[in-house]
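To be precise, the following lines are upload35.csv, and they hold CSV, N, CA and C atoms.
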```csv
chain,number,residue,atom,x,y,z
A,1,MET,N,18.7,-45.8,-68.7
A,1,MET,CA,18.0,-44.7,-68.3
A,1,MET,C,19.0,-43.5,-68.3
A,2,LYS,N,18.5,-42.4,-68.9
A,2,LYS,CA,19.3,-41.2,-68.9
A,2,LYS,C,18.9,-40.3,-67.8
A,3,ARG,N,20.0,-39.6,-67.3
A,3,ARG,CA,19.8,-38.6,-66.2
A,3,ARG,C,19.8,-37.3,-66.9
A,4,LYS,N,19.0,-36.4,-66.3
A,4,LYS,CA,19.1,-35.0,-66.8
A,4,LYS,C,20.3,-34.4,-66.1
A,5,LEU,N,20.9,-33.5,-66.8
A,5,LEU,CA,22.0,-32.8,-66.3
A,5,LEU,C,21.6,-31.9,-65.1
A,6,GLY,N,22.2,-32.0,-63.9
A,6,GLY,CA,21.9,-31.1,-62.8
A,6,GLY,C,20.8,-31.7,-61.9
A,7,SER,N,20.3,-32.9,-62.1
A,7,SER,CA,19.2,-33.4,-61.3
A,7,SER,C,19.8,-33.9,-59.9
A,8,GLN,N,21.0,-34.2,-59.9
A,8,GLN,CA,21.6,-34.6,-58.6
A,8,GLN,C,21.8,-33.4,-57.7
A,9,GLY,N,22.1,-32.2,-58.3
A,9,GLY,CA,22.2,-31.0,-57.5
A,9,GLY,C,20.9,-30.6,-57.0
A,10,GLN,N,19.8,-30.8,-57.7
A,10,GLN,CA,18.5,-30.5,-57.3
A,10,GLN,C,18.1,-31.4,-56.1
A,11,THR,N,18.5,-32.6,-56.1
A,11,THR,CA,18.2,-33.5,-55.0
A,11,THR,C,18.9,-33.0,-53.7
A,12,ILE,N,20.1,-32.5,-53.8
A,12,ILE,CA,20.8,-32.0,-52.6
A,12,ILE,C,20.1,-30.8,-52.1
A,13,VAL,N,19.6,-29.9,-52.9
A,13,VAL,CA,18.9,-28.7,-52.5
A,13,VAL,C,17.6,-29.1,-51.8
A,14,GLU,N,16.9,-30.1,-52.3
A,14,GLU,CA,15.7,-30.5,-51.7
A,14,GLU,C,16.0,-31.1,-50.3
A,15,ALA,N,17.1,-31.9,-50.2
A,15,ALA,CA,17.5,-32.4,-48.9
A,15,ALA,C,17.8,-31.3,-47.9
A,16,ILE,N,18.5,-30.3,-48.3
A,16,ILE,CA,18.8,-29.2,-47.4
A,16,ILE,C,17.6,-28.4,-47.0
A,17,VAL,N,16.6,-28.2,-47.9
A,17,VAL,CA,15.4,-27.6,-47.5
A,17,VAL,C,14.6,-28.4,-46.5
A,18,VAL,N,14.5,-29.7,-46.7
A,18,VAL,CA,13.8,-30.6,-45.8
A,18,VAL,C,14.5,-30.6,-44.4
A,19,LEU,N,15.8,-30.6,-44.4
A,19,LEU,CA,16.6,-30.6,-43.2
A,19,LEU,C,16.3,-29.3,-42.4
A,20,GLY,N,16.3,-28.2,-43.1
A,20,GLY,CA,16.0,-26.9,-42.5
A,20,GLY,C,14.6,-26.8,-41.9
A,21,ILE,N,13.6,-27.4,-42.5
A,21,ILE,CA,12.3,-27.4,-42.0
A,21,ILE,C,12.2,-28.3,-40.7
A,22,VAL,N,12.9,-29.4,-40.8
A,22,VAL,CA,12.9,-30.3,-39.6
A,22,VAL,C,13.6,-29.6,-38.4
A,23,VAL,N,14.7,-28.9,-38.7
A,23,VAL,CA,15.4,-28.2,-37.6
A,23,VAL,C,14.4,-27.1,-37.0
A,24,LEU,N,13.7,-26.4,-37.8
A,24,LEU,CA,12.8,-25.4,-37.3
A,24,LEU,C,11.7,-26.0,-36.5
A,25,LEU,N,11.1,-27.1,-36.9
A,25,LEU,CA,10.1,-27.8,-36.2
A,25,LEU,C,10.6,-28.3,-34.8
A,26,VAL,N,11.7,-28.9,-34.8
A,26,VAL,CA,12.3,-29.4,-33.5
A,26,VAL,C,12.6,-28.3,-32.6
A,27,THR,N,13.1,-27.2,-33.1
A,27,THR,CA,13.4,-26.0,-32.3
A,27,THR,C,12.1,-25.4,-31.7
A,28,GLY,N,11.1,-25.4,-32.4
A,28,GLY,CA,9.8,-24.9,-32.0
A,28,GLY,C,9.2,-25.8,-30.9
A,29,LEU,N,9.3,-27.1,-31.1
A,29,LEU,CA,8.9,-28.1,-30.1
A,29,LEU,C,9.6,-27.9,-28.7
A,30,ILE,N,10.9,-27.8,-28.8
A,30,ILE,CA,11.8,-27.6,-27.6
A,30,ILE,C,11.4,-26.3,-26.9
A,31,ALA,N,11.2,-25.2,-27.7
A,31,ALA,CA,10.9,-23.9,-27.0
A,31,ALA,C,9.5,-24.0,-26.4
A,32,GLY,N,8.5,-24.7,-27.0
A,32,GLY,CA,7.2,-24.8,-26.5
A,32,GLY,C,7.2,-25.7,-25.2
A,33,THR,N,8.0,-26.7,-25.2
A,33,THR,CA,8.1,-27.6,-24.0
A,33,THR,C,8.7,-26.9,-22.9
A,34,THR,N,9.8,-26.1,-23.1
A,34,THR,CA,10.5,-25.4,-22.1
A,34,THR,C,9.5,-24.3,-21.5
A,35,SER,N,8.8,-23.6,-22.3
A,35,SER,CA,7.9,-22.6,-21.8
A,35,SER,C,6.8,-23.3,-21.0
A,36,SER,N,6.3,-24.4,-21.4
A,36,SER,CA,5.3,-25.1,-20.6
A,36,SER,C,5.8,-25.6,-19.3
A,37,LEU,N,7.0,-26.1,-19.2
A,37,LEU,CA,7.6,-26.5,-18.0
A,37,LEU,C,7.8,-25.3,-17.0
A,38,ARG,N,8.2,-24.2,-17.5
A,38,ARG,CA,8.3,-23.0,-16.7
A,38,ARG,C,6.9,-22.6,-16.1
A,39,SER,N,5.9,-22.6,-16.9
A,39,SER,CA,4.6,-22.3,-16.5
A,39,SER,C,4.1,-23.2,-15.4
A,40,VAL,N,4.3,-24.5,-15.5
A,40,VAL,CA,3.9,-25.5,-14.5
A,40,VAL,C,4.6,-25.2,-13.2
A,41,GLN,N,5.9,-24.9,-13.3
A,41,GLN,CA,6.7,-24.6,-12.0
A,41,GLN,C,6.2,-23.3,-11.4
A,42,ALA,N,5.9,-22.3,-12.2
A,42,ALA,CA,5.4,-21.1,-11.6
A,42,ALA,C,4.1,-21.3,-10.9
A,43,GLY,N,3.2,-22.1,-11.5
A,43,GLY,CA,1.9,-22.4,-11.0
A,43,GLY,C,2.0,-23.2,-9.7
A,44,ARG,N,3.0,-24.1,-9.6
A,44,ARG,CA,3.2,-24.9,-8.4
A,44,ARG,C,3.7,-24.0,-7.3
A,45,THR,N,4.6,-23.1,-7.6
A,45,THR,CA,5.1,-22.2,-6.6
A,45,THR,C,4.0,-21.2,-6.1
A,46,ARG,N,3.2,-20.7,-7.0
A,46,ARG,CA,2.1,-19.8,-6.5
A,46,ARG,C,1.1,-20.6,-5.7
A,47,SER,N,0.8,-21.8,-6.0
A,47,SER,CA,-0.1,-22.6,-5.3
A,47,SER,C,0.4,-22.9,-3.8
A,48,GLN,N,1.7,-23.1,-3.7
A,48,GLN,CA,2.3,-23.3,-2.4
A,48,GLN,C,2.3,-22.0,-1.6
A,49,ALA,N,2.5,-20.8,-2.2
A,49,ALA,CA,2.4,-19.5,-1.6
A,49,ALA,C,0.9,-19.3,-1.1
A,50,LEU,N,0.0,-19.7,-1.9
A,50,LEU,CA,-1.4,-19.5,-1.5
A,50,LEU,C,-1.8,-20.4,-0.3
A,51,LYS,N,-1.2,-21.6,-0.2
A,51,LYS,CA,-1.4,-22.5,0.9
A,51,LYS,C,-0.8,-21.9,2.2
A,52,TYR,N,0.4,-21.3,2.1
A,52,TYR,CA,1.0,-20.6,3.2
A,52,TYR,C,0.2,-19.4,3.7
A,53,ALA,N,-0.4,-18.7,2.7
A,53,ALA,CA,-1.3,-17.6,3.1
A,53,ALA,C,-2.5,-18.1,3.8
A,54,GLU,N,-3.1,-19.1,3.4
A,54,GLU,CA,-4.3,-19.7,4.0
A,54,GLU,C,-4.0,-20.2,5.4
A,55,GLU,N,-2.8,-20.8,5.5
A,55,GLU,CA,-2.3,-21.3,6.9
A,55,GLU,C,-2.1,-20.1,7.8
A,56,GLY,N,-1.7,-18.9,7.3
A,56,GLY,CA,-1.5,-17.7,8.1
A,56,GLY,C,-2.9,-17.2,8.6
A,57,ILE,N,-3.9,-17.3,7.8
A,57,ILE,CA,-5.3,-16.9,8.2
A,57,ILE,C,-5.7,-17.9,9.3
A,58,ASP,N,-5.5,-19.2,9.2
A,58,ASP,CA,-5.9,-20.1,10.2
A,58,ASP,C,-5.2,-19.9,11.5
A,59,VAL,N,-3.9,-19.6,11.4
A,59,VAL,CA,-3.1,-19.3,12.7
A,59,VAL,C,-3.7,-18.1,13.4
A,60,VAL,N,-4.1,-17.1,12.7
A,60,VAL,CA,-4.7,-15.9,13.3
A,60,VAL,C,-6.1,-16.3,13.9
A,61,ARG,N,-6.9,-17.1,13.1
A,61,ARG,CA,-8.2,-17.5,13.6
A,61,ARG,C,-8.1,-18.3,14.9
A,62,ASN,N,-7.1,-19.2,14.9
A,62,ASN,CA,-6.9,-20.0,16.2
A,62,ASN,C,-6.5,-19.1,17.3
A,63,LEU,N,-5.7,-18.1,17.1
A,63,LEU,CA,-5.2,-17.2,18.1
A,63,LEU,C,-6.5,-16.4,18.7
A,64,ARG,N,-7.3,-16.0,17.8
A,64,ARG,CA,-8.5,-15.3,18.3
A,64,ARG,C,-9.4,-16.3,19.1
A,65,ASN,N,-9.6,-17.5,18.6
A,65,ASN,CA,-10.4,-18.4,19.3
A,65,ASN,C,-9.8,-18.9,20.7
A,66,ASN,N,-8.5,-19.0,20.7
A,66,ASN,CA,-7.9,-19.5,22.0
A,66,ASN,C,-7.6,-18.4,23.0
A,67,GLU,N,-7.2,-17.2,22.5
A,67,GLU,CA,-6.8,-16.1,23.4
A,67,GLU,C,-8.0,-15.3,23.9
A,68,GLY,N,-9.1,-15.3,23.1
A,68,GLY,CA,-10.2,-14.4,23.5
A,68,GLY,C,-10.1,-13.1,22.8
A,69,TRP,N,-11.2,-12.4,22.6
A,69,TRP,CA,-11.2,-11.2,21.8
A,69,TRP,C,-10.4,-10.0,22.4
A,70,SER,N,-10.5,-9.8,23.7
A,70,SER,CA,-9.8,-8.7,24.3
A,70,SER,C,-8.2,-8.9,24.2
A,71,THR,N,-7.7,-10.1,24.4
A,71,THR,CA,-6.3,-10.3,24.2
A,71,THR,C,-5.9,-10.3,22.7
A,72,PHE,N,-6.8,-10.8,21.9
A,72,PHE,CA,-6.5,-10.8,20.4
A,72,PHE,C,-6.4,-9.4,19.8
A,73,THR,N,-7.2,-8.5,20.3
A,73,THR,CA,-7.1,-7.1,19.8
A,73,THR,C,-5.8,-6.4,20.1
A,74,GLY,N,-5.1,-6.9,21.1
A,74,GLY,CA,-3.8,-6.4,21.5
A,74,GLY,C,-2.7,-6.7,20.5
A,75,TYR,N,-3.0,-7.7,19.6
A,75,TYR,CA,-2.0,-8.1,18.6
A,75,TYR,C,-2.0,-7.2,17.4
A,76,ALA,N,-2.8,-6.2,17.3
A,76,ALA,CA,-2.8,-5.4,16.1
A,76,ALA,C,-1.4,-4.9,15.7
A,77,GLY,N,-1.2,-4.9,14.4
A,77,GLY,CA,0.2,-4.5,13.9
A,77,GLY,C,0.6,-5.5,12.9
A,78,SER,N,1.9,-5.4,12.6
A,78,SER,CA,2.5,-6.2,11.5
A,78,SER,C,3.4,-7.3,12.2
A,79,HIS,N,3.2,-8.5,11.7
A,79,HIS,CA,4.0,-9.6,12.3
A,79,HIS,C,4.5,-10.6,11.2
A,80,PHE,N,5.6,-11.2,11.4
A,80,PHE,CA,6.1,-12.3,10.5
A,80,PHE,C,5.8,-13.6,11.1
A,81,LEU,N,5.2,-14.5,10.3
A,81,LEU,CA,5.0,-15.9,10.7
A,81,LEU,C,5.8,-16.8,9.8
A,82,ASP,N,6.9,-17.3,10.4
A,82,ASP,CA,7.9,-18.1,9.6
A,82,ASP,C,7.7,-19.6,9.9
A,83,THR,N,6.7,-20.0,10.6
A,83,THR,CA,6.5,-21.4,11.0
A,83,THR,C,6.3,-22.2,9.7
A,84,SER,N,7.1,-23.2,9.6
A,84,SER,CA,7.0,-24.3,8.5
A,84,SER,C,7.2,-23.7,7.1
A,85,LEU,N,7.8,-22.5,6.9
A,85,LEU,CA,8.1,-22.0,5.6
A,85,LEU,C,9.5,-22.4,5.2
A,86,ASP,N,9.7,-22.7,3.9
A,86,ASP,CA,11.1,-22.9,3.5
A,86,ASP,C,11.7,-21.6,3.1
A,87,GLU,N,12.9,-21.6,2.7
A,87,GLU,CA,13.7,-20.4,2.4
A,87,GLU,C,13.2,-19.6,1.2
A,88,THR,N,12.3,-20.1,0.4
A,88,THR,CA,11.8,-19.4,-0.8
A,88,THR,C,10.7,-18.4,-0.4
A,89,PHE,N,10.0,-18.6,0.7
A,89,PHE,CA,8.8,-17.8,1.0
A,89,PHE,C,9.0,-17.0,2.3
A,90,LYS,N,8.3,-15.8,2.3
A,90,LYS,CA,8.3,-15.0,3.5
A,90,LYS,C,6.8,-14.6,3.7
A,91,ARG,N,6.3,-14.8,4.9
A,91,ARG,CA,4.9,-14.5,5.2
A,91,ARG,C,4.8,-13.4,6.2
A,92,GLU,N,4.0,-12.4,5.9
A,92,GLU,CA,3.7,-11.3,6.8
A,92,GLU,C,2.2,-11.2,7.1
A,93,VAL,N,1.9,-10.9,8.3
A,93,VAL,CA,0.5,-10.8,8.7
A,93,VAL,C,0.3,-9.4,9.3
A,94,ASP,N,-0.6,-8.7,8.7
A,94,ASP,CA,-1.0,-7.3,9.2
A,94,ASP,C,-2.4,-7.4,9.9
A,95,LEU,N,-2.5,-7.0,11.1
A,95,LEU,CA,-3.7,-7.0,11.9
A,95,LEU,C,-4.1,-5.5,12.1
A,96,THR,N,-5.3,-5.1,11.7
A,96,THR,CA,-5.8,-3.8,11.9
A,96,THR,C,-7.1,-3.8,12.5
A,97,LEU,N,-7.2,-3.2,13.7
A,97,LEU,CA,-8.5,-3.1,14.4
A,97,LEU,C,-9.2,-1.9,14.0
A,98,ASP,N,-10.5,-2.1,13.6
A,98,ASP,CA,-11.3,-1.0,13.2
A,98,ASP,C,-12.7,-1.1,13.9
A,99,GLY,N,-12.8,-0.5,15.1
A,99,GLY,CA,-14.0,-0.7,15.9
A,99,GLY,C,-14.1,-2.1,16.4
A,100,THR,N,-15.1,-2.8,15.9
A,100,THR,CA,-15.3,-4.2,16.4
A,100,THR,C,-14.8,-5.3,15.4
A,101,THR,N,-14.1,-4.8,14.4
A,101,THR,CA,-13.6,-5.8,13.4
A,101,THR,C,-12.1,-5.7,13.3
A,102,MET,N,-11.5,-6.9,13.3
A,102,MET,CA,-10.1,-7.0,13.0
A,102,MET,C,-9.9,-7.4,11.6
A,103,THR,N,-9.2,-6.6,10.8
A,103,THR,CA,-8.9,-6.9,9.4
A,103,THR,C,-7.5,-7.6,9.4
A,104,VAL,N,-7.5,-8.8,8.8
A,104,VAL,CA,-6.3,-9.6,8.8
A,104,VAL,C,-5.9,-9.7,7.3
A,105,VAL,N,-4.7,-9.2,7.0
A,105,VAL,CA,-4.1,-9.3,5.7
A,105,VAL,C,-2.8,-10.1,5.7
A,106,VAL,N,-2.8,-11.3,5.1
A,106,VAL,CA,-1.6,-12.2,5.0
A,106,VAL,C,-1.0,-12.1,3.7
A,107,THR,N,0.3,-11.7,3.6
A,107,THR,CA,1.0,-11.6,2.3
A,107,THR,C,2.2,-12.5,2.4
A,108,VAL,N,2.2,-13.4,1.3
A,108,VAL,CA,3.3,-14.3,1.2
A,108,VAL,C,4.1,-13.9,0.0
A,109,SER,N,5.4,-13.6,0.2
A,109,SER,CA,6.3,-13.1,-0.9
A,109,SER,C,7.2,-14.3,-1.3
A,110,TYR,N,7.5,-14.3,-2.6
A,110,TYR,CA,8.5,-15.4,-3.0
A,110,TYR,C,9.1,-14.8,-4.3
A,111,THR,N,10.3,-15.4,-4.6
A,111,THR,CA,11.0,-15.0,-5.9
A,111,THR,C,10.7,-16.1,-6.9
A,112,ASP,N,10.5,-15.6,-8.1
A,112,ASP,CA,10.3,-16.4,-9.3
A,112,ASP,C,11.3,-15.9,-10.3
A,113,GLY,N,12.4,-16.6,-10.4
A,113,GLY,CA,13.5,-16.1,-11.2
A,113,GLY,C,14.1,-14.9,-10.6
A,114,SER,N,14.1,-13.8,-11.3
A,114,SER,CA,14.6,-12.6,-10.7
A,114,SER,C,13.5,-11.6,-10.2
A,115,GLU,N,12.3,-12.1,-10.3
A,115,GLU,CA,11.1,-11.3,-10.0
A,115,GLU,C,10.5,-11.7,-8.6
A,116,THR,N,10.2,-10.7,-7.8
A,116,THR,CA,9.5,-11.0,-6.5
A,116,THR,C,8.0,-10.9,-6.7
A,117,LYS,N,7.3,-11.9,-6.3
A,117,LYS,CA,5.9,-12.0,-6.4
A,117,LYS,C,5.2,-12.1,-5.1
A,118,ASN,N,3.9,-11.7,-5.0
A,118,ASN,CA,3.2,-11.8,-3.7
A,118,ASN,C,1.8,-12.4,-3.9
A,119,VAL,N,1.4,-13.1,-2.9
A,119,VAL,CA,0.0,-13.6,-2.8
A,119,VAL,C,-0.6,-13.0,-1.5
A,120,THR,N,-1.7,-12.4,-1.6
A,120,THR,CA,-2.3,-11.7,-0.5
A,120,THR,C,-3.7,-12.2,-0.3
A,121,LEU,N,-4.0,-12.6,1.0
A,121,LEU,CA,-5.4,-12.9,1.4
A,121,LEU,C,-5.8,-12.0,2.5
A,122,THR,N,-7.1,-11.6,2.5
A,122,THR,CA,-7.7,-10.8,3.5
A,122,THR,C,-8.9,-11.4,4.1
A,123,SER,N,-9.0,-11.3,5.4
A,123,SER,CA,-10.1,-11.9,6.2
A,123,SER,C,-10.5,-10.9,7.3
A,124,TYR,N,-11.7,-11.0,7.7
A,124,TYR,CA,-12.3,-10.1,8.7
A,124,TYR,C,-12.8,-10.9,9.9
A,125,PHE,N,-12.3,-10.5,11.1
A,125,PHE,CA,-12.7,-11.3,12.3
A,125,PHE,C,-13.4,-10.3,13.3
A,126,THR,N,-14.4,-10.9,14.0
A,126,THR,CA,-15.1,-10.1,14.9
A,126,THR,C,-15.2,-11.0,16.2
A,127,ASP,N,-15.7,-10.3,17.3
A,127,ASP,CA,-15.9,-11.0,18.6
A,127,ASP,C,-17.2,-11.8,18.5
A,128,TRP,N,-17.1,-13.0,18.0
A,128,TRP,CA,-18.3,-13.8,17.7
A,128,TRP,C,-18.8,-14.6,18.9
A,129,LYS,N,-18.0,-14.7,20.0
A,129,LYS,CA,-18.5,-15.5,21.1
A,129,LYS,C,-19.3,-14.8,22.0
```

Output the file's structure as structure tokens, nothing else.
Amino acid sequence: MKRKLGSQGQTIVEAIVVLGIVVLLVTGLIAGTTSSLRSVQAGRTRSQALKYAEEGIDVVRNLRNNEGWSTFTGYAGSHFLDTSLDETFKREVDLTLDGTTMTVVVTVSYTDGSETKNVTLTSYFTDWK
């Protein structure tokens, strides 16, 4: 069997091209996986912040139910609720009395990398008893 002159060089070029394609594919898969894992972690952190905000609304609701409306309206203003929060989160509760309605705004702040993010929930309470 006769070999053509330069056919071995052509095989090396083909191997290098295939190797380059494989490296690009693996790099793309790693980048996609890393991005996906970051998104999952960000979603998990936001979900925890939302749970802390809901807990803040529940704390204020229990305060209204247990203290009575006249005492509850005296709490109008801005307050920090740090019960059961880890060091990543900060929860602030703003109570604003407008006539017969108390507007409750709970904001949970957290850092995601170098960026500060917020989750805010608003609820309206009245003297229902």

Where in chain A does DSSP assign strand (DSSP E), given as a PDB file with N, CA and C atoms, keeping the file's coordinate frame?
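Output below, filename result.pdb:
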```pdb
ATOM      1  N   GLY A  77      -1.200  -4.900  14.400  1.00  0.00           N
ATOM      2  CA  GLY A  77       0.200  -4.500  13.900  1.00  0.00           C
ATOM      3  C   GLY A  77       0.600  -5.500  12.900  1.00  0.00           C
ATOM      4  N   SER A  78       1.900  -5.400  12.600  1.00  0.00           N
ATOM      5  CA  SER A  78       2.500  -6.200  11.500  1.00  0.00           C
ATOM      6  C   SER A  78       3.400  -7.300  12.200  1.00  0.00           C
ATOM      7  N   HIS A  79       3.200  -8.500  11.700  1.00  0.00           N
ATOM      8  CA  HIS A  79       4.000  -9.600  12.300  1.00  0.00           C
ATOM      9  C   HIS A  79       4.500 -10.600  11.200  1.00  0.00           C
ATOM     10  N   PHE A  80       5.600 -11.200  11.400  1.00  0.00           N
ATOM     11  CA  PHE A  80       6.100 -12.300  10.500  1.00  0.00           C
ATOM     12  C   PHE A  80       5.800 -13.600  11.100  1.00  0.00           C
ATOM     13  N   PHE A  89      10.000 -18.600   0.700  1.00  0.00           N
ATOM     14  CA  PHE A  89       8.800 -17.800   1.000  1.00  0.00           C
ATOM     15  C   PHE A  89       9.000 -17.000   2.300  1.00  0.00           C
ATOM     16  N   LYS A  90       8.300 -15.800   2.300  1.00  0.00           N
ATOM     17  CA  LYS A  90       8.300 -15.000   3.500  1.00  0.00           C
ATOM     18  C   LYS A  90       6.800 -14.600   3.700  1.00  0.00           C
ATOM     19  N   ARG A  91       6.300 -14.800   4.900  1.00  0.00           N
ATOM     20  CA  ARG A  91       4.900 -14.500   5.200  1.00  0.00           C
ATOM     21  C   ARG A  91       4.800 -13.400   6.200  1.00  0.00           C
ATOM     22  N   GLU A  92       4.000 -12.400   5.900  1.00  0.00           N
ATOM     23  CA  GLU A  92       3.700 -11.300   6.800  1.00  0.00           C
ATOM     24  C   GLU A  92       2.200 -11.200   7.100  1.00  0.00           C
ATOM     25  N   VAL A  93       1.900 -10.900   8.300  1.00  0.00           N
ATOM     26  CA  VAL A  93       0.500 -10.800   8.700  1.00  0.00           C
ATOM     27  C   VAL A  93       0.300  -9.400   9.300  1.00  0.00           C
ATOM     28  N   ASP A  94      -0.600  -8.700   8.700  1.00  0.00           N
ATOM     29  CA  ASP A  94      -1.000  -7.300   9.200  1.00  0.00           C
ATOM     30  C   ASP A  94      -2.400  -7.400   9.900  1.00  0.00           C
ATOM     31  N   LEU A  95      -2.500  -7.000  11.100  1.00  0.00           N
ATOM     32  CA  LEU A  95      -3.700  -7.000  11.900  1.00  0.00           C
ATOM     33  C   LEU A  95      -4.100  -5.500  12.100  1.00  0.00           C
ATOM     34  N   THR A  96      -5.300  -5.100  11.700  1.00  0.00           N
ATOM     35  CA  THR A  96      -5.800  -3.800  11.900  1.00  0.00           C
ATOM     36  C   THR A  96      -7.100  -3.800  12.500  1.00  0.00           C
ATOM     37  N   LEU A  97      -7.200  -3.200  13.700  1.00  0.00           N
ATOM     38  CA  LEU A  97      -8.500  -3.100  14.400  1.00  0.00           C
ATOM     39  C   LEU A  97      -9.200  -1.900  14.000  1.00  0.00           C
ATOM     40  N   ASP A  98     -10.500  -2.100  13.600  1.00  0.00           N
ATOM     41  CA  ASP A  98     -11.300  -1.000  13.200  1.00  0.00           C
ATOM     42  C   ASP A  98     -12.700  -1.100  13.900  1.00  0.00           C
ATOM     43  N   THR A 101     -14.100  -4.800  14.400  1.00  0.00           N
ATOM     44  CA  THR A 101     -13.600  -5.800  13.400  1.00  0.00           C
ATOM     45  C   THR A 101     -12.100  -5.700  13.300  1.00  0.00           C
ATOM     46  N   MET A 102     -11.500  -6.900  13.300  1.00  0.00           N
ATOM     47  CA  MET A 102     -10.100  -7.000  13.000  1.00  0.00           C
ATOM     48  C   MET A 102      -9.900  -7.400  11.600  1.00  0.00           C
ATOM     49  N   THR A 103      -9.200  -6.600  10.800  1.00  0.00           N
ATOM     50  CA  THR A 103      -8.900  -6.900   9.400  1.00  0.00           C
ATOM     51  C   THR A 103      -7.500  -7.600   9.400  1.00  0.00           C
ATOM     52  N   VAL A 104      -7.500  -8.800   8.800  1.00  0.00           N
ATOM     53  CA  VAL A 104      -6.300  -9.600   8.800  1.00  0.00           C
ATOM     54  C   VAL A 104      -5.900  -9.700   7.300  1.00  0.00           C
ATOM     55  N   VAL A 105      -4.700  -9.200   7.000  1.00  0.00           N
ATOM     56  CA  VAL A 105      -4.100  -9.300   5.700  1.00  0.00           C
ATOM     57  C   VAL A 105      -2.800 -10.100   5.700  1.00  0.00           C
ATOM     58  N   VAL A 106      -2.800 -11.300   5.100  1.00  0.00           N
ATOM     59  CA  VAL A 106      -1.600 -12.200   5.000  1.00  0.00           C
ATOM     60  C   VAL A 106      -1.000 -12.100   3.700  1.00  0.00           C
ATOM     61  N   THR A 107       0.300 -11.700   3.600  1.00  0.00           N
ATOM     62  CA  THR A 107       1.000 -11.600   2.300  1.00  0.00           C
ATOM     63  C   THR A 107       2.200 -12.500   2.400  1.00  0.00           C
ATOM     64  N   VAL A 108       2.200 -13.400   1.300  1.00  0.00           N
ATOM     65  CA  VAL A 108       3.300 -14.300   1.200  1.00  0.00           C
ATOM     66  C   VAL A 108       4.100 -13.900   0.000  1.00  0.00           C
ATOM     67  N   SER A 109       5.400 -13.600   0.200  1.00  0.00           N
ATOM     68  CA  SER A 109       6.300 -13.100  -0.900  1.00  0.00           C
ATOM     69  C   SER A 109       7.200 -14.300  -1.300  1.00  0.00           C
ATOM     70  N   TYR A 110       7.500 -14.300  -2.600  1.00  0.00           N
ATOM     71  CA  TYR A 110       8.500 -15.400  -3.000  1.00  0.00           C
ATOM     72  C   TYR A 110       9.100 -14.800  -4.300  1.00  0.00           C
ATOM     73  N   THR A 111      10.300 -15.400  -4.600  1.00  0.00           N
ATOM     74  CA  THR A 111      11.000 -15.000  -5.900  1.00  0.00           C
ATOM     75  C   THR A 111      10.700 -16.100  -6.900  1.00  0.00           C
ATOM     76  N   ASP A 112      10.500 -15.600  -8.100  1.00  0.00           N
ATOM     77  CA  ASP A 112      10.300 -16.400  -9.300  1.00  0.00           C
ATOM     78  C   ASP A 112      11.300 -15.900 -10.300  1.00  0.00           C
ATOM     79  N   GLU A 115      12.300 -12.100 -10.300  1.00  0.00           N
ATOM     80  CA  GLU A 115      11.100 -11.300 -10.000  1.00  0.00           C
ATOM     81  C   GLU A 115      10.500 -11.700  -8.600  1.00  0.00           C
ATOM     82  N   THR A 116      10.200 -10.700  -7.800  1.00  0.00           N
ATOM     83  CA  THR A 116       9.500 -11.000  -6.500  1.00  0.00           C
ATOM     84  C   THR A 116       8.000 -10.900  -6.700  1.00  0.00           C
ATOM     85  N   LYS A 117       7.300 -11.900  -6.300  1.00  0.00           N
ATOM     86  CA  LYS A 117       5.900 -12.000  -6.400  1.00  0.00           C
ATOM     87  C   LYS A 117       5.200 -12.100  -5.100  1.00  0.00           C
ATOM     88  N   ASN A 118       3.900 -11.700  -5.000  1.00  0.00           N
ATOM     89  CA  ASN A 118       3.200 -11.800  -3.700  1.00  0.00           C
ATOM     90  C   ASN A 118       1.800 -12.400  -3.900  1.00  0.00           C
ATOM     91  N   VAL A 119       1.400 -13.100  -2.900  1.00  0.00           N
ATOM     92  CA  VAL A 119       0.000 -13.600  -2.800  1.00  0.00           C
ATOM     93  C   VAL A 119      -0.600 -13.000  -1.500  1.00  0.00           C
ATOM     94  N   THR A 120      -1.700 -12.400  -1.600  1.00  0.00           N
ATOM     95  CA  THR A 120      -2.300 -11.700  -0.500  1.00  0.00           C
ATOM     96  C   THR A 120      -3.700 -12.200  -0.300  1.00  0.00           C
ATOM     97  N   LEU A 121      -4.000 -12.600   1.000  1.00  0.00           N
ATOM     98  CA  LEU A 121      -5.400 -12.900   1.400  1.00  0.00           C
ATOM     99  C   LEU A 121      -5.800 -12.000   2.500  1.00  0.00           C
ATOM    100  N   THR A 122      -7.100 -11.600   2.500  1.00  0.00           N
ATOM    101  CA  THR A 122      -7.700 -10.800   3.500  1.00  0.00           C
ATOM    102  C   THR A 122      -8.900 -11.400   4.100  1.00  0.00           C
ATOM    103  N   SER A 123      -9.000 -11.300   5.400  1.00  0.00           N
ATOM    104  CA  SER A 123     -10.100 -11.900   6.200  1.00  0.00           C
ATOM    105  C   SER A 123     -10.500 -10.900   7.300  1.00  0.00           C
ATOM    106  N   TYR A 124     -11.700 -11.000   7.700  1.00  0.00           N
ATOM    107  CA  TYR A 124     -12.300 -10.100   8.700  1.00  0.00           C
ATOM    108  C   TYR A 124     -12.800 -10.900   9.900  1.00  0.00           C
ATOM    109  N   PHE A 125     -12.300 -10.500  11.100  1.00  0.00           N
ATOM    110  CA  PHE A 125     -12.700 -11.300  12.300  1.00  0.00           C
ATOM    111  C   PHE A 125     -13.400 -10.300  13.300  1.00  0.00           C
ATOM    112  N   THR A 126     -14.400 -10.900  14.000  1.00  0.00           N
ATOM    113  CA  THR A 126     -15.100 -10.100  14.900  1.00  0.00           C
ATOM    114  C   THR A 126     -15.200 -11.000  16.200  1.00  0.00           C
TER     115      THR A 126
END
```

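Taking only C-alpha atoms into account, Asp82 (chain A) lies nearest to A:Val59 out of the set A:Ala15, A:Ala42, A:Val59, A:Leu37.
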
Check your understanding: Near region 85-97 of chain A, counting only C-alpha atoms, which residues have an atom at most 6 Å away, once you skip same-chain residues fewer than 2 positions from it, shown as a list in words?
Key ->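 The neighbour list is Ala76, Gly77, Ser78, His79, Phe80, Leu81, Asp82, Thr83, Thr101, Met102, Thr103, Val104, Val105, Val106, Thr107, Val108, Ser109 and Tyr110 of chain A.
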